[in-house]
file input29.cif (mmCIF, C-alpha atoms)
data_protein
loop_
_atom_site.group_PDB
_atom_site.id
_atom_site.type_symbol
_atom_site.label_atom_id
_atom_site.label_comp_id
_atom_site.auth_asym_id
_atom_site.auth_seq_id
_atom_site.Cartn_x
_atom_site.Cartn_y
_atom_site.Cartn_z
ATOM 1 C CA MET A 1219 9.207 9.107 -15.280
ATOM 2 C CA SER A 1220 8.593 6.838 -12.305
ATOM 3 C CA VAL A 1221 7.897 3.145 -11.784
ATOM 4 C CA ASP A 1222 6.330 1.662 -8.652
ATOM 5 C CA VAL A 1223 8.029 -1.725 -8.327
ATOM 6 C CA GLU A 1224 5.603 -4.225 -6.826
ATOM 7 C CA ASP A 1225 4.268 -7.614 -7.884
ATOM 8 C CA TRP A 1226 0.794 -8.320 -9.248
ATOM 9 C CA PHE A 1227 -0.439 -9.672 -5.903
ATOM 10 C CA GLN A 1228 0.793 -6.701 -3.839
ATOM 11 C CA VAL A 1229 -1.527 -4.049 -5.228
ATOM 12 C CA GLY A 1230 -4.062 -2.164 -3.140
ATOM 13 C CA ALA A 1231 -6.927 -3.545 -5.233
ATOM 14 C CA PHE A 1232 -6.277 -7.053 -3.919
ATOM 15 C CA GLU A 1233 -5.351 -6.272 -0.321
ATOM 16 C CA THR A 1234 -8.671 -7.584 1.041
ATOM 17 C CA VAL A 1235 -8.569 -10.889 -0.879
ATOM 18 C CA ILE A 1236 -4.862 -11.869 -0.837
ATOM 19 C CA ASP A 1237 -3.253 -12.367 2.575
ATOM 20 C CA LYS A 1238 0.304 -11.060 2.872
ATOM 21 C CA ARG A 1239 1.234 -14.302 4.618
ATOM 22 C CA ASP A 1240 0.545 -16.069 1.302
ATOM 23 C CA TRP A 1241 2.760 -13.855 -0.858
ATOM 24 C CA ASP A 1242 5.783 -16.154 -0.836
ATOM 25 C CA GLY A 1243 3.664 -19.005 -2.176
ATOM 26 C CA LEU A 1244 2.365 -17.070 -5.183
ATOM 27 C CA GLN A 1245 3.936 -16.938 -8.627
ATOM 28 C CA SER A 1246 6.272 -13.953 -8.670
ATOM 29 C CA ARG A 1247 6.519 -12.012 -11.923
ATOM 30 C CA VAL A 1248 8.061 -8.769 -10.669
ATOM 31 C CA GLU A 1249 11.598 -9.578 -11.779
ATOM 32 C CA ALA A 1250 10.690 -10.464 -15.364
ATOM 33 C CA ASN A 1251 8.247 -7.563 -15.653
ATOM 34 C CA THR A 1252 10.727 -5.023 -14.300
ATOM 35 C CA ASP A 1253 13.390 -6.323 -16.666
ATOM 36 C CA ALA A 1254 10.910 -5.734 -19.496
ATOM 37 C CA VAL A 1255 10.475 -2.142 -18.296
ATOM 38 C CA LEU A 1256 14.257 -1.707 -18.210
ATOM 39 C CA ALA A 1257 14.449 -2.950 -21.793
ATOM 40 C CA LEU A 1258 11.687 -0.566 -22.848
ATOM 41 C CA PHE A 1259 13.540 2.382 -21.313
ATOM 42 C CA ALA A 1260 16.820 1.273 -22.881
ATOM 43 C CA GLU A 1261 15.232 1.452 -26.336
ATOM 44 C CA SER A 1262 14.970 5.225 -26.058
ATOM 45 C CA GLY A 1263 17.655 6.046 -23.501
ATOM 46 C CA VAL A 1264 15.162 7.097 -20.826
ATOM 47 C CA ARG A 1265 16.338 7.360 -17.221
ATOM 48 C CA ALA A 1266 13.673 6.987 -14.549
ATOM 49 C CA THR A 1267 13.116 6.534 -10.822
ATOM 50 C CA PHE A 1268 12.076 3.106 -9.524
ATOM 51 C CA PHE A 1269 10.130 3.347 -6.242
ATOM 52 C CA THR A 1270 10.689 -0.159 -4.924
ATOM 53 C CA LEU A 1271 9.156 -2.193 -2.123
ATOM 54 C CA GLY A 1272 11.653 -3.332 0.483
ATOM 55 C CA TRP A 1273 10.010 -6.769 0.270
ATOM 56 C CA VAL A 1274 11.001 -6.962 -3.399
ATOM 57 C CA ALA A 1275 14.535 -5.666 -2.830
ATOM 58 C CA HIS A 1276 15.120 -8.225 -0.063
ATOM 59 C CA ARG A 1277 14.128 -11.124 -2.336
ATOM 60 C CA TYR A 1278 15.531 -9.873 -5.642
ATOM 61 C CA PRO A 1279 18.695 -7.883 -4.879
ATOM 62 C CA ARG A 1280 20.177 -8.563 -8.312
ATOM 63 C CA LEU A 1281 17.154 -6.880 -9.889
ATOM 64 C CA ILE A 1282 17.868 -3.765 -7.850
ATOM 65 C CA ARG A 1283 21.477 -3.798 -9.029
ATOM 66 C CA ARG A 1284 20.343 -4.047 -12.653
ATOM 67 C CA ILE A 1285 18.139 -0.990 -12.156
ATOM 68 C CA VAL A 1286 21.019 1.001 -10.690
ATOM 69 C CA ASP A 1287 23.560 -0.238 -13.233
ATOM 70 C CA ALA A 1288 21.251 0.946 -16.031
ATOM 71 C CA GLY A 1289 21.505 4.507 -14.701
ATOM 72 C CA HIS A 1290 18.149 4.772 -12.967
ATOM 73 C CA GLU A 1291 17.423 6.174 -9.529
ATOM 74 C CA ILE A 1292 16.349 3.714 -6.843
ATOM 75 C CA ALA A 1293 13.910 4.972 -4.199
ATOM 76 C CA SER A 1294 11.627 3.548 -1.510
ATOM 77 C CA HIS A 1295 8.003 2.457 -1.830
ATOM 78 C CA GLY A 1296 7.835 1.230 1.774
ATOM 79 C CA TRP A 1297 8.243 -2.357 2.941
ATOM 80 C CA ASP A 1298 5.102 -4.243 1.888
ATOM 81 C CA HIS A 1299 2.674 -1.724 0.393
ATOM 82 C CA GLN A 1300 0.882 -0.837 3.619
ATOM 83 C CA ARG A 1301 -0.938 2.449 3.196
ATOM 84 C CA VAL A 1302 0.454 5.241 5.350
ATOM 85 C CA PHE A 1303 -2.936 6.297 6.729
ATOM 86 C CA THR A 1304 -3.341 2.818 8.260
ATOM 87 C CA MET A 1305 -0.247 3.372 10.434
ATOM 88 C CA ASP A 1306 0.751 5.724 13.214
ATOM 89 C CA ALA A 1307 4.021 7.661 13.227
ATOM 90 C CA GLY A 1308 5.939 4.916 15.027
ATOM 91 C CA LEU A 1309 4.858 2.155 12.664
ATOM 92 C CA PHE A 1310 5.535 4.398 9.684
ATOM 93 C CA ARG A 1311 9.073 5.091 10.866
ATOM 94 C CA ALA A 1312 9.709 1.377 11.361
ATOM 95 C CA ASP A 1313 8.391 0.654 7.867
ATOM 96 C CA LEU A 1314 10.693 3.307 6.379
ATOM 97 C CA VAL A 1315 13.743 1.998 8.208
ATOM 98 C CA ARG A 1316 13.122 -1.624 7.261
ATOM 99 C CA ALA A 1317 12.499 -0.849 3.596
ATOM 100 C CA ARG A 1318 15.437 1.505 3.246
ATOM 101 C CA ALA A 1319 17.856 -1.016 4.760
ATOM 102 C CA ALA A 1320 16.818 -3.704 2.275
ATOM 103 C CA ILE A 1321 16.895 -1.387 -0.743
ATOM 104 C CA GLU A 1322 20.231 0.202 0.138
ATOM 105 C CA ASP A 1323 21.805 -3.201 0.817
ATOM 106 C CA ALA A 1324 20.732 -4.361 -2.625
ATOM 107 C CA ALA A 1325 21.500 -1.119 -4.471
ATOM 108 C CA GLY A 1326 24.794 -0.249 -2.822
ATOM 109 C CA GLN A 1327 23.792 3.400 -2.636
ATOM 110 C CA ARG A 1328 21.790 5.751 -0.453
ATOM 111 C CA VAL A 1329 18.037 6.096 -0.875
ATOM 112 C CA THR A 1330 16.758 9.678 -0.622
ATOM 113 C CA GLY A 1331 13.312 9.449 -2.249
ATOM 114 C CA TYR A 1332 10.051 7.918 -1.071
ATOM 115 C CA ARG A 1333 6.610 7.234 -2.500
ATOM 116 C CA ALA A 1334 3.771 6.128 -0.236
ATOM 117 C CA PRO A 1335 1.835 3.058 -1.391
ATOM 118 C CA SER A 1336 -1.351 4.184 -3.158
ATOM 119 C CA PHE A 1337 -0.384 7.852 -2.626
ATOM 120 C CA SER A 1338 -1.543 7.458 0.970
ATOM 121 C CA ILE A 1339 -0.060 10.602 2.496
ATOM 122 C CA ASP A 1340 -2.945 13.030 2.904
ATOM 123 C CA GLN A 1341 -4.806 15.177 5.420
ATOM 124 C CA ARG A 1342 -5.082 12.164 7.759
ATOM 125 C CA THR A 1343 -1.291 11.877 8.158
ATOM 126 C CA PRO A 1344 0.031 15.264 9.372
ATOM 127 C CA TRP A 1345 2.997 13.447 10.953
ATOM 128 C CA ALA A 1346 4.172 11.641 7.796
ATOM 129 C CA HIS A 1347 6.298 14.396 6.298
ATOM 130 C CA VAL A 1348 7.797 15.090 9.723
ATOM 131 C CA VAL A 1349 8.960 11.473 9.980
ATOM 132 C CA LEU A 1350 10.331 11.519 6.427
ATOM 133 C CA ALA A 1351 12.327 14.664 7.184
ATOM 134 C CA GLU A 1352 13.657 13.197 10.432
ATOM 135 C CA GLU A 1353 14.756 10.072 8.565
ATOM 136 C CA GLY A 1354 16.757 12.190 6.123
ATOM 137 C CA TYR A 1355 14.701 11.906 2.955
ATOM 138 C CA ALA A 1356 15.245 14.648 0.381
ATOM 139 C CA TYR A 1357 11.852 14.244 -1.232
ATOM 140 C CA SER A 1358 8.541 12.435 -1.274
ATOM 141 C CA SER A 1359 6.229 11.812 -4.221
ATOM 142 C CA SER A 1360 3.310 10.552 -2.172
ATOM 143 C CA VAL A 1361 0.432 12.945 -2.784
ATOM 144 C CA ALA A 1362 -2.348 12.726 -5.362
ATOM 145 C CA PRO A 1363 -3.957 16.182 -5.428
ATOM 146 C CA LEU A 1364 -7.485 15.018 -6.267
ATOM 147 C CA VAL A 1365 -10.464 13.077 -4.935
ATOM 148 C CA HIS A 1366 -10.499 9.315 -5.535
ATOM 149 C CA ASP A 1367 -12.242 6.399 -3.847
ATOM 150 C CA HIS A 1368 -8.907 4.867 -2.773
ATOM 151 C CA TYR A 1369 -6.769 7.941 -2.145
ATOM 152 C CA GLY A 1370 -6.435 11.657 -2.712
ATOM 153 C CA TRP A 1371 -5.742 14.995 -1.057
ATOM 154 C CA ARG A 1372 -7.881 17.442 -3.010
ATOM 155 C CA ASP A 1373 -6.545 20.582 -1.333
ATOM 156 C CA ALA A 1374 -2.878 19.725 -1.856
ATOM 157 C CA PRO A 1375 -0.869 21.828 -4.328
ATOM 158 C CA ARG A 1376 -0.575 20.452 -7.858
ATOM 159 C CA PHE A 1377 3.141 21.194 -8.066
ATOM 160 C CA ALA A 1378 6.189 20.630 -5.870
ATOM 161 C CA PHE A 1379 5.964 22.190 -2.420
ATOM 162 C CA ARG A 1380 7.682 22.175 0.949
ATOM 163 C CA PRO A 1381 5.242 20.553 3.419
ATOM 164 C CA LEU A 1382 7.247 21.631 6.496
ATOM 165 C CA PRO A 1383 8.319 25.203 7.286
ATOM 166 C CA ASP A 1384 11.590 24.141 8.921
ATOM 167 C CA SER A 1385 12.742 21.425 6.506
ATOM 168 C CA ALA A 1386 14.147 21.225 2.977
ATOM 169 C CA LEU A 1387 12.014 18.118 2.318
ATOM 170 C CA LEU A 1388 10.164 18.464 -0.985
ATOM 171 C CA GLU A 1389 6.827 16.877 -1.860
ATOM 172 C CA VAL A 1390 6.356 16.300 -5.602
ATOM 173 C CA PRO A 1391 2.723 15.326 -6.278
ATOM 174 C CA VAL A 1392 1.726 13.016 -9.088
ATOM 175 C CA THR A 1393 0.499 14.932 -12.126
ATOM 176 C CA VAL A 1394 -3.220 15.437 -12.686
ATOM 177 C CA ALA A 1395 -5.016 17.186 -15.527
ATOM 178 C CA GLN A 1396 -6.982 20.297 -14.582
ATOM 179 C CA PHE A 1397 -10.333 21.026 -16.231
ATOM 180 C CA GLY A 1398 -11.813 24.079 -14.541
ATOM 181 C CA GLN A 1399 -12.276 23.047 -10.910
ATOM 182 C CA ARG A 1400 -12.000 19.336 -11.712
ATOM 183 C CA ARG A 1401 -8.784 17.322 -11.489
ATOM 184 C CA VAL A 1402 -8.356 14.053 -13.379
ATOM 185 C CA ALA A 1403 -5.743 11.370 -12.642
ATOM 186 C CA THR A 1404 -3.440 10.526 -15.555
ATOM 187 C CA GLY A 1405 -0.963 7.787 -14.567
ATOM 188 C CA GLY A 1406 -1.076 4.076 -13.866
ATOM 189 C CA GLY A 1407 -4.409 2.445 -14.574
ATOM 190 C CA PHE A 1408 -5.896 5.762 -15.694
ATOM 191 C CA PHE A 1409 -3.281 5.920 -18.448
ATOM 192 C CA ARG A 1410 -4.151 2.365 -19.513
ATOM 193 C CA LEU A 1411 -7.906 2.956 -19.548
ATOM 194 C CA LEU A 1412 -8.177 6.511 -20.864
ATOM 195 C CA PRO A 1413 -6.950 8.028 -24.141
ATOM 196 C CA SER A 1414 -3.230 8.804 -24.245
ATOM 197 C CA ALA A 1415 -4.170 12.343 -25.218
ATOM 198 C CA LEU A 1416 -5.199 12.980 -21.598
ATOM 199 C CA MET A 1417 -1.652 12.447 -20.334
ATOM 200 C CA ASP A 1418 -0.278 14.477 -23.231
ATOM 201 C CA PHE A 1419 -2.649 17.299 -22.288
ATOM 202 C CA ALA A 1420 -1.544 17.115 -18.637
ATOM 203 C CA VAL A 1421 2.149 17.170 -19.579
ATOM 204 C CA HIS A 1422 1.701 20.220 -21.807
ATOM 205 C CA GLN A 1423 -0.452 21.889 -19.162
ATOM 206 C CA VAL A 1424 2.139 21.615 -16.377
ATOM 207 C CA ASN A 1425 5.081 22.296 -18.689
ATOM 208 C CA ALA A 1426 3.391 25.529 -19.753
ATOM 209 C CA GLN A 1427 3.585 26.582 -16.097
ATOM 210 C CA ASP A 1428 7.308 25.727 -16.048
ATOM 211 C CA HIS A 1429 6.959 22.497 -14.054
ATOM 212 C CA ALA A 1430 7.816 18.901 -14.839
ATOM 213 C CA ALA A 1431 5.090 16.290 -15.122
ATOM 214 C CA MET A 1432 5.188 13.314 -12.741
ATOM 215 C CA PHE A 1433 4.079 10.130 -14.502
ATOM 216 C CA TYR A 1434 3.931 6.694 -12.865
ATOM 217 C CA PHE A 1435 3.076 3.096 -13.718
ATOM 218 C CA HIS A 1436 3.769 -0.432 -12.440
ATOM 219 C CA PRO A 1437 5.702 -3.327 -14.033
ATOM 220 C CA TRP A 1438 2.676 -5.636 -13.755
ATOM 221 C CA GLU A 1439 0.771 -3.268 -16.068
ATOM 222 C CA ILE A 1440 2.693 -4.558 -19.101
ATOM 223 C CA ASP A 1441 2.002 -8.208 -18.219
ATOM 224 C CA PRO A 1442 -1.261 -9.473 -19.759
ATOM 225 C CA GLY A 1443 -0.358 -13.067 -18.831
ATOM 226 C CA GLN A 1444 -0.404 -12.547 -15.083
ATOM 227 C CA PRO A 1445 -2.639 -14.767 -12.900
ATOM 228 C CA ARG A 1446 -6.255 -13.720 -12.348
ATOM 229 C CA VAL A 1447 -7.677 -13.247 -8.849
ATOM 230 C CA ALA A 1448 -11.144 -14.764 -9.029
ATOM 231 C CA ALA A 1449 -12.194 -13.530 -5.585
ATOM 232 C CA ALA A 1450 -11.407 -9.876 -6.274
ATOM 233 C CA PRO A 1451 -14.292 -7.368 -6.454
ATOM 234 C CA LEU A 1452 -15.551 -6.683 -9.977
ATOM 235 C CA ARG A 1453 -14.414 -3.040 -9.888
ATOM 236 C CA SER A 1454 -10.922 -4.134 -8.894
ATOM 237 C CA LYS A 1455 -10.794 -6.671 -11.718
ATOM 238 C CA ILE A 1456 -11.826 -4.066 -14.260
ATOM 239 C CA ARG A 1457 -9.250 -1.587 -13.039
ATOM 240 C CA HIS A 1458 -6.437 -4.092 -12.748
ATOM 241 C CA TYR A 1459 -6.811 -6.230 -15.862
ATOM 242 C CA SER A 1460 -8.222 -3.895 -18.507
ATOM 243 C CA ARG A 1461 -5.954 -3.108 -21.477
ATOM 244 C CA LEU A 1462 -2.821 -4.731 -20.048
ATOM 245 C CA GLY A 1463 -1.902 -5.834 -23.542
ATOM 246 C CA ALA A 1464 -1.996 -2.270 -24.830
ATOM 247 C CA MET A 1465 0.138 -0.735 -22.093
ATOM 248 C CA ALA A 1466 3.628 -1.321 -23.526
ATOM 249 C CA GLY A 1467 2.676 0.291 -26.829
ATOM 250 C CA LYS A 1468 1.069 3.251 -25.099
ATOM 251 C CA LEU A 1469 4.189 3.720 -23.001
ATOM 252 C CA ARG A 1470 6.434 3.718 -26.061
ATOM 253 C CA GLY A 1471 4.261 6.391 -27.602
ATOM 254 C CA LEU A 1472 4.276 8.525 -24.445
ATOM 255 C CA ILE A 1473 8.041 8.205 -24.080
ATOM 256 C CA GLY A 1474 8.548 9.264 -27.679
ATOM 257 C CA ARG A 1475 6.356 12.366 -27.423
ATOM 258 C CA HIS A 1476 8.011 13.973 -24.370
ATOM 259 C CA ASP A 1477 11.352 14.270 -22.614
ATOM 260 C CA TRP A 1478 11.655 12.189 -19.445
ATOM 261 C CA GLY A 1479 14.156 11.904 -16.602
ATOM 262 C CA ARG A 1480 14.777 10.827 -13.038
ATOM 263 C CA VAL A 1481 12.828 12.301 -10.146
ATOM 264 C CA ASP A 1482 15.945 13.390 -8.276
ATOM 265 C CA ALA A 1483 16.811 15.699 -11.186
ATOM 266 C CA VAL A 1484 13.333 17.231 -11.047
ATOM 267 C CA VAL A 1485 13.688 17.666 -7.287
ATOM 268 C CA ALA A 1486 16.984 19.506 -7.691
ATOM 269 C CA ALA A 1487 15.387 21.910 -10.177
ATOM 270 C CA GLU A 1488 12.267 22.466 -8.080
ATOM 271 C CA ALA A 1489 14.324 22.963 -4.905
ATOM 272 C CA GLY A 1490 16.235 25.760 -6.605
ATOM 273 C CA ARG A 1491 12.957 27.393 -7.588
ATOM 274 C CA LEU A 1492 11.604 27.270 -4.029
ATOM 275 C CA GLN A 1493 14.694 28.729 -2.327
#

call {"tool": "encode", "arguments": {"input": "input29.cif", "output": "structure tokens"}}
result
Amino acid sequence: MSVDVEDWFQVGAFETVIDKRDWDGLQSRVEANTDAVLALFAESGVRATFFTLGWVAHRYPRLIRRIVDAGHEIASHGWDHQRVFTMDAGLFRADLVRARAAIEDAAGQRVTGYRAPSFSIDQRTPWAHVVLAEEGYAYSSSVAPLVHDHYGWRDAPRFAFRPLPDSALLEVPVTVAQFGQRRVATGGGFFRLLPSALMDFAVHQVNAQDHAAMFYFHPWEIDPGQPRVAAAPLRSKIRHYSRLGAMAGKLRGLIGRHDWGRVDAVVAAEAGRLQ
């Protein structure tokens, strides 16, 4: 179970209509929304991994402590949600260093996991895993093994793999459902918009092959009262705002139907398998 901790105005869908220089002047809802996620997990005793923006950790360090104190893993989501394929190796390294410093300062513990914003590690970024390994990360969960208009690496493995021959770094892709040769995304907005049975099918499908499913969502997805971005493209509005009110209930159902845990525990199990 994983949560990508970012505010409603930091999503990829709005990156062309909301200037990052304006972020501090916008109504922040990430703290309240993440606290609601923590409460939801506490209801059923679920432990998860929170991939957090350094920007958020810098401004809300007490939120990061609450995540850690509740028994969850804290990991990096980069500094300000810049997609990896828009950077070169040097900029990517600087982004990693800046984000990790802010998150570790707030959490009081080492960060060993990373998730690229919008799953933006793909065939265009052959240097990304090298930089992650050099910076001492144990794992990445940054690959979506499918084709999508915003992201995707169709030829990537569906299950955990070592992207570098000389490193223990593990890449744990987000779970997709396989229908013949077609792969269908199951987390985040896809989970909100599509029947819950699709995610259930994907979980059973990967579990049957002795792997753990990797589910993700965002705190803003359980917040139907968030501000609306009038200037956003219609497709972005549909994806972002549809069925926000139904998300918390769907999550409770999903949590109750399967066993969930932190990503670092999955990584430890998968690393043993790949030795």

call {"tool": "closest_atom_pairs", "arguments": {"input": "input29.cif", "of": "segment 1352-1453 of chain A", "to": "segment 1287-1296 of chain A", "cutoff": "10 Å", "atoms": "only C-alpha atoms", "output": "tab-separated table"}}
result
residue	atom	partner	partner_atom	distance
A:Tyr1355	CA	A:Ser1294	CA	10.0
A:Tyr1357	CA	A:Ala1293	CA	10.0
A:Ser1358	CA	A:Ser1294	CA	9.4
A:Ser1359	CA	A:His1295	CA	9.8
A:Ser1360	CA	A:His1295	CA	9.4

call {"tool": "atom_distance", "arguments": {"input": "input29.cif", "atom1": "atom CA of Ser1414 of chain A", "atom2": "atom CA of Gln1444 of chain A"}}
result
23.4 Å

call {"tool": "atom_distance", "arguments": {"input": "input29.cif", "atom1": "atom CA of Pro1363 of chain A", "atom2": "atom CA of Ser1338 of chain A"}}
result
11.1 Å

call {"tool": "resolve_selection", "arguments": {"input": "input29.cif", "expression": "the PyMOL selection byres ((chain A and resi 1313) around 12)", "output": "PDB file with C-alpha atoms, in the frame of the given file"}}
result
ATOM      1  CA  LEU A1271       9.156  -2.193  -2.123  1.00  0.00           C
ATOM      2  CA  GLY A1272      11.653  -3.332   0.483  1.00  0.00           C
ATOM      3  CA  TRP A1273      10.010  -6.769   0.270  1.00  0.00           C
ATOM      4  CA  SER A1294      11.627   3.548  -1.510  1.00  0.00           C
ATOM      5  CA  HIS A1295       8.003   2.457  -1.830  1.00  0.00           C
ATOM      6  CA  GLY A1296       7.835   1.230   1.774  1.00  0.00           C
ATOM      7  CA  TRP A1297       8.243  -2.357   2.941  1.00  0.00           C
ATOM      8  CA  ASP A1298       5.102  -4.243   1.888  1.00  0.00           C
ATOM      9  CA  HIS A1299       2.674  -1.724   0.393  1.00  0.00           C
ATOM     10  CA  GLN A1300       0.882  -0.837   3.619  1.00  0.00           C
ATOM     11  CA  ARG A1301      -0.938   2.449   3.196  1.00  0.00           C
ATOM     12  CA  VAL A1302       0.454   5.241   5.350  1.00  0.00           C
ATOM     13  CA  THR A1304      -3.341   2.818   8.260  1.00  0.00           C
ATOM     14  CA  MET A1305      -0.247   3.372  10.434  1.00  0.00           C
ATOM     15  CA  ASP A1306       0.751   5.724  13.214  1.00  0.00           C
ATOM     16  CA  ALA A1307       4.021   7.661  13.227  1.00  0.00           C
ATOM     17  CA  GLY A1308       5.939   4.916  15.027  1.00  0.00           C
ATOM     18  CA  LEU A1309       4.858   2.155  12.664  1.00  0.00           C
ATOM     19  CA  PHE A1310       5.535   4.398   9.684  1.00  0.00           C
ATOM     20  CA  ARG A1311       9.073   5.091  10.866  1.00  0.00           C
ATOM     21  CA  ALA A1312       9.709   1.377  11.361  1.00  0.00           C
ATOM     22  CA  LEU A1314      10.693   3.307   6.379  1.00  0.00           C
ATOM     23  CA  VAL A1315      13.743   1.998   8.208  1.00  0.00           C
ATOM     24  CA  ARG A1316      13.122  -1.624   7.261  1.00  0.00           C
ATOM     25  CA  ALA A1317      12.499  -0.849   3.596  1.00  0.00           C
ATOM     26  CA  ARG A1318      15.437   1.505   3.246  1.00  0.00           C
ATOM     27  CA  ALA A1319      17.856  -1.016   4.760  1.00  0.00           C
ATOM     28  CA  ALA A1320      16.818  -3.704   2.275  1.00  0.00           C
ATOM     29  CA  TYR A1332      10.051   7.918  -1.071  1.00  0.00           C
ATOM     30  CA  ALA A1334       3.771   6.128  -0.236  1.00  0.00           C
ATOM     31  CA  PRO A1335       1.835   3.058  -1.391  1.00  0.00           C
ATOM     32  CA  ALA A1346       4.172  11.641   7.796  1.00  0.00           C
ATOM     33  CA  VAL A1349       8.960  11.473   9.980  1.00  0.00           C
ATOM     34  CA  LEU A1350      10.331  11.519   6.427  1.00  0.00           C
ATOM     35  CA  GLU A1353      14.756  10.072   8.565  1.00  0.00           C
TER      36      GLU A1353
END

call {"tool": "residues_around", "arguments": {"input": "input29.cif", "residues": "Leu1462 of chain A", "least_positions_apart": "3", "cutoff": "12 Å", "atoms": "all atoms listed in the file", "output": "list of chain:residue names"}}
result
A:Trp1226, A:Gly1406, A:Gly1407, A:Phe1408, A:Phe1409, A:Arg1410, A:Leu1411, A:Phe1435, A:His1436, A:Pro1437, A:Trp1438, A:Glu1439, A:Ile1440, A:Asp1441, A:Pro1442, A:Gly1443, A:Gln1444, A:Lys1455, A:Ile1456, A:Arg1457, A:His1458, A:Tyr1459, A:Met1465, A:Ala1466, A:Gly1467, A:Lys1468, A:Leu1469

call {"tool": "resolve_selection", "arguments": {"input": "input29.cif", "expression": "the PyMOL selection byres ((chain A and resi 1422-1429) around 12)", "output": "ChimeraX atom specification"}}
result
/A:1376-1379,1390-1397,1415-1421,1430-1433,1475-1477,1484-1485,1487-1489,1491

call {"tool": "resolve_selection", "arguments": {"input": "input29.cif", "expression": "the PyMOL selection byres ((chain A and resi 1347) around 9)", "output": "ChimeraX atom specification"}}
result
/A:1339,1343-1346,1348-1352,1358,1381-1382,1387,1389

call {"tool": "write_last_selection", "arguments": {"input": "input29.cif", "atoms": "C-alpha atoms", "output": "CSV table (one decimal), in the coordinates of the input"}}
result
chain,number,residue,atom,x,y,z
A,1339,ILE,CA,-0.1,10.6,2.5
A,1343,THR,CA,-1.3,11.9,8.2
A,1344,PRO,CA,0.0,15.3,9.4
A,1345,TRP,CA,3.0,13.4,11.0
A,1346,ALA,CA,4.2,11.6,7.8
A,1348,VAL,CA,7.8,15.1,9.7
A,1349,VAL,CA,9.0,11.5,10.0
A,1350,LEU,CA,10.3,11.5,6.4
A,1351,ALA,CA,12.3,14.7,7.2
A,1352,GLU,CA,13.7,13.2,10.4
A,1358,SER,CA,8.5,12.4,-1.3
A,1381,PRO,CA,5.2,20.6,3.4
A,1382,LEU,CA,7.2,21.6,6.5
A,1387,LEU,CA,12.0,18.1,2.3
A,1389,GLU,CA,6.8,16.9,-1.9

call {"tool": "atom_distance", "arguments": {"input": "input29.cif", "atom1": "atom CA of Thr1270 of chain A", "atom2": "atom CA of Leu1492 of chain A"}}
result
27.5 Å

call {"tool": "closest_atom_pairs", "arguments": {"input": "input29.cif", "of": "segment 1389-1488 of chain A", "to": "segment 1253-1264 of chain A", "cutoff": "8 Å", "atoms": "all atoms listed in the file", "output": "CSV"}}
result
residue,atom,partner,partner_atom,distance
A:Pro1437,CA,A:Val1255,CA,6.5
A:Arg1470,CA,A:Leu1258,CA,7.5
A:Ile1473,CA,A:Ser1262,CA,7.8
A:Gly1474,CA,A:Ser1262,CA,7.8
A:Trp1478,CA,A:Val1264,CA,6.3
A:Gly1479,CA,A:Val1264,CA,6.5

call {"tool": "residues_near_point", "arguments": {"input": "input29.cif", "point": "(-9.4, -14.9, -5.6)", "cutoff": "10 Å", "atoms": "only C-alpha atoms", "output": "list in words"}}
result
Phe1232, Thr1234, Val1235, Ile1236, Pro1445, Arg1446, Val1447, Ala1448, Ala1449, Ala1450 and Pro1451 of chain A

call {"tool": "closest_residue", "arguments": {"input": "input29.cif", "among": "A:Arg1284, A:Gly1230, A:Val1402, A:Gln1245", "to": "Phe1337 of chain A", "atoms": "all atoms listed in the file"}}
result
A:Gly1230

call {"tool": "closest_residue", "arguments": {"input": "input29.cif", "among": "A:Val1481, A:Leu1472, A:Ala1231, A:Ala1386", "to": "Thr1267 of chain A", "atoms": "all atoms listed in the file"}}
result
A:Val1481

call {"tool": "residues_near_point", "arguments": {"input": "input29.cif", "point": "(2.7, -14.1, -5.5)", "cutoff": "8 Å", "atoms": "all atoms listed in the file", "output": "ChimeraX atom specification"}}
result
/A:1225-1228,1240-1247

call {"tool": "decode", "arguments": {"input": "input29.cif", "residues": "segment 1383-1390 of chain A", "atoms": "N, CA and C atoms", "output": "PDB file, in the first residue's frame"}}
result
ATOM      1  N   PRO A1383      23.057  -4.273 -13.510  1.00  0.00           N
ATOM      2  CA  PRO A1383      23.706  -5.567 -13.272  1.00  0.00           C
ATOM      3  C   PRO A1383      24.669  -5.569 -12.099  1.00  0.00           C
ATOM      4  N   ASP A1384      25.155  -4.387 -11.708  1.00  0.00           N
ATOM      5  CA  ASP A1384      26.175  -4.310 -10.660  1.00  0.00           C
ATOM      6  C   ASP A1384      25.672  -3.612  -9.401  1.00  0.00           C
ATOM      7  N   SER A1385      24.360  -3.615  -9.191  1.00  0.00           N
ATOM      8  CA  SER A1385      23.786  -2.926  -8.031  1.00  0.00           C
ATOM      9  C   SER A1385      22.649  -3.754  -7.446  1.00  0.00           C
ATOM     10  N   ALA A1386      22.465  -3.625  -6.126  1.00  0.00           N
ATOM     11  CA  ALA A1386      21.363  -4.305  -5.443  1.00  0.00           C
ATOM     12  C   ALA A1386      20.061  -3.514  -5.536  1.00  0.00           C
ATOM     13  N   LEU A1387      20.094  -2.328  -6.150  1.00  0.00           N
ATOM     14  CA  LEU A1387      18.896  -1.503  -6.280  1.00  0.00           C
ATOM     15  C   LEU A1387      17.759  -2.300  -6.927  1.00  0.00           C
ATOM     16  N   LEU A1388      16.576  -2.216  -6.315  1.00  0.00           N
ATOM     17  CA  LEU A1388      15.415  -2.930  -6.826  1.00  0.00           C
ATOM     18  C   LEU A1388      14.401  -1.926  -7.370  1.00  0.00           C
ATOM     19  N   GLU A1389      13.837  -2.238  -8.523  1.00  0.00           N
ATOM     20  CA  GLU A1389      12.720  -1.465  -9.066  1.00  0.00           C
ATOM     21  C   GLU A1389      11.452  -2.298  -8.880  1.00  0.00           C
ATOM     22  N   VAL A1390      10.443  -1.694  -8.231  1.00  0.00           N
ATOM     23  CA  VAL A1390       9.179  -2.379  -7.974  1.00  0.00           C
ATOM     24  C   VAL A1390       8.081  -1.628  -8.729  1.00  0.00           C
TER      25      VAL A1390
END
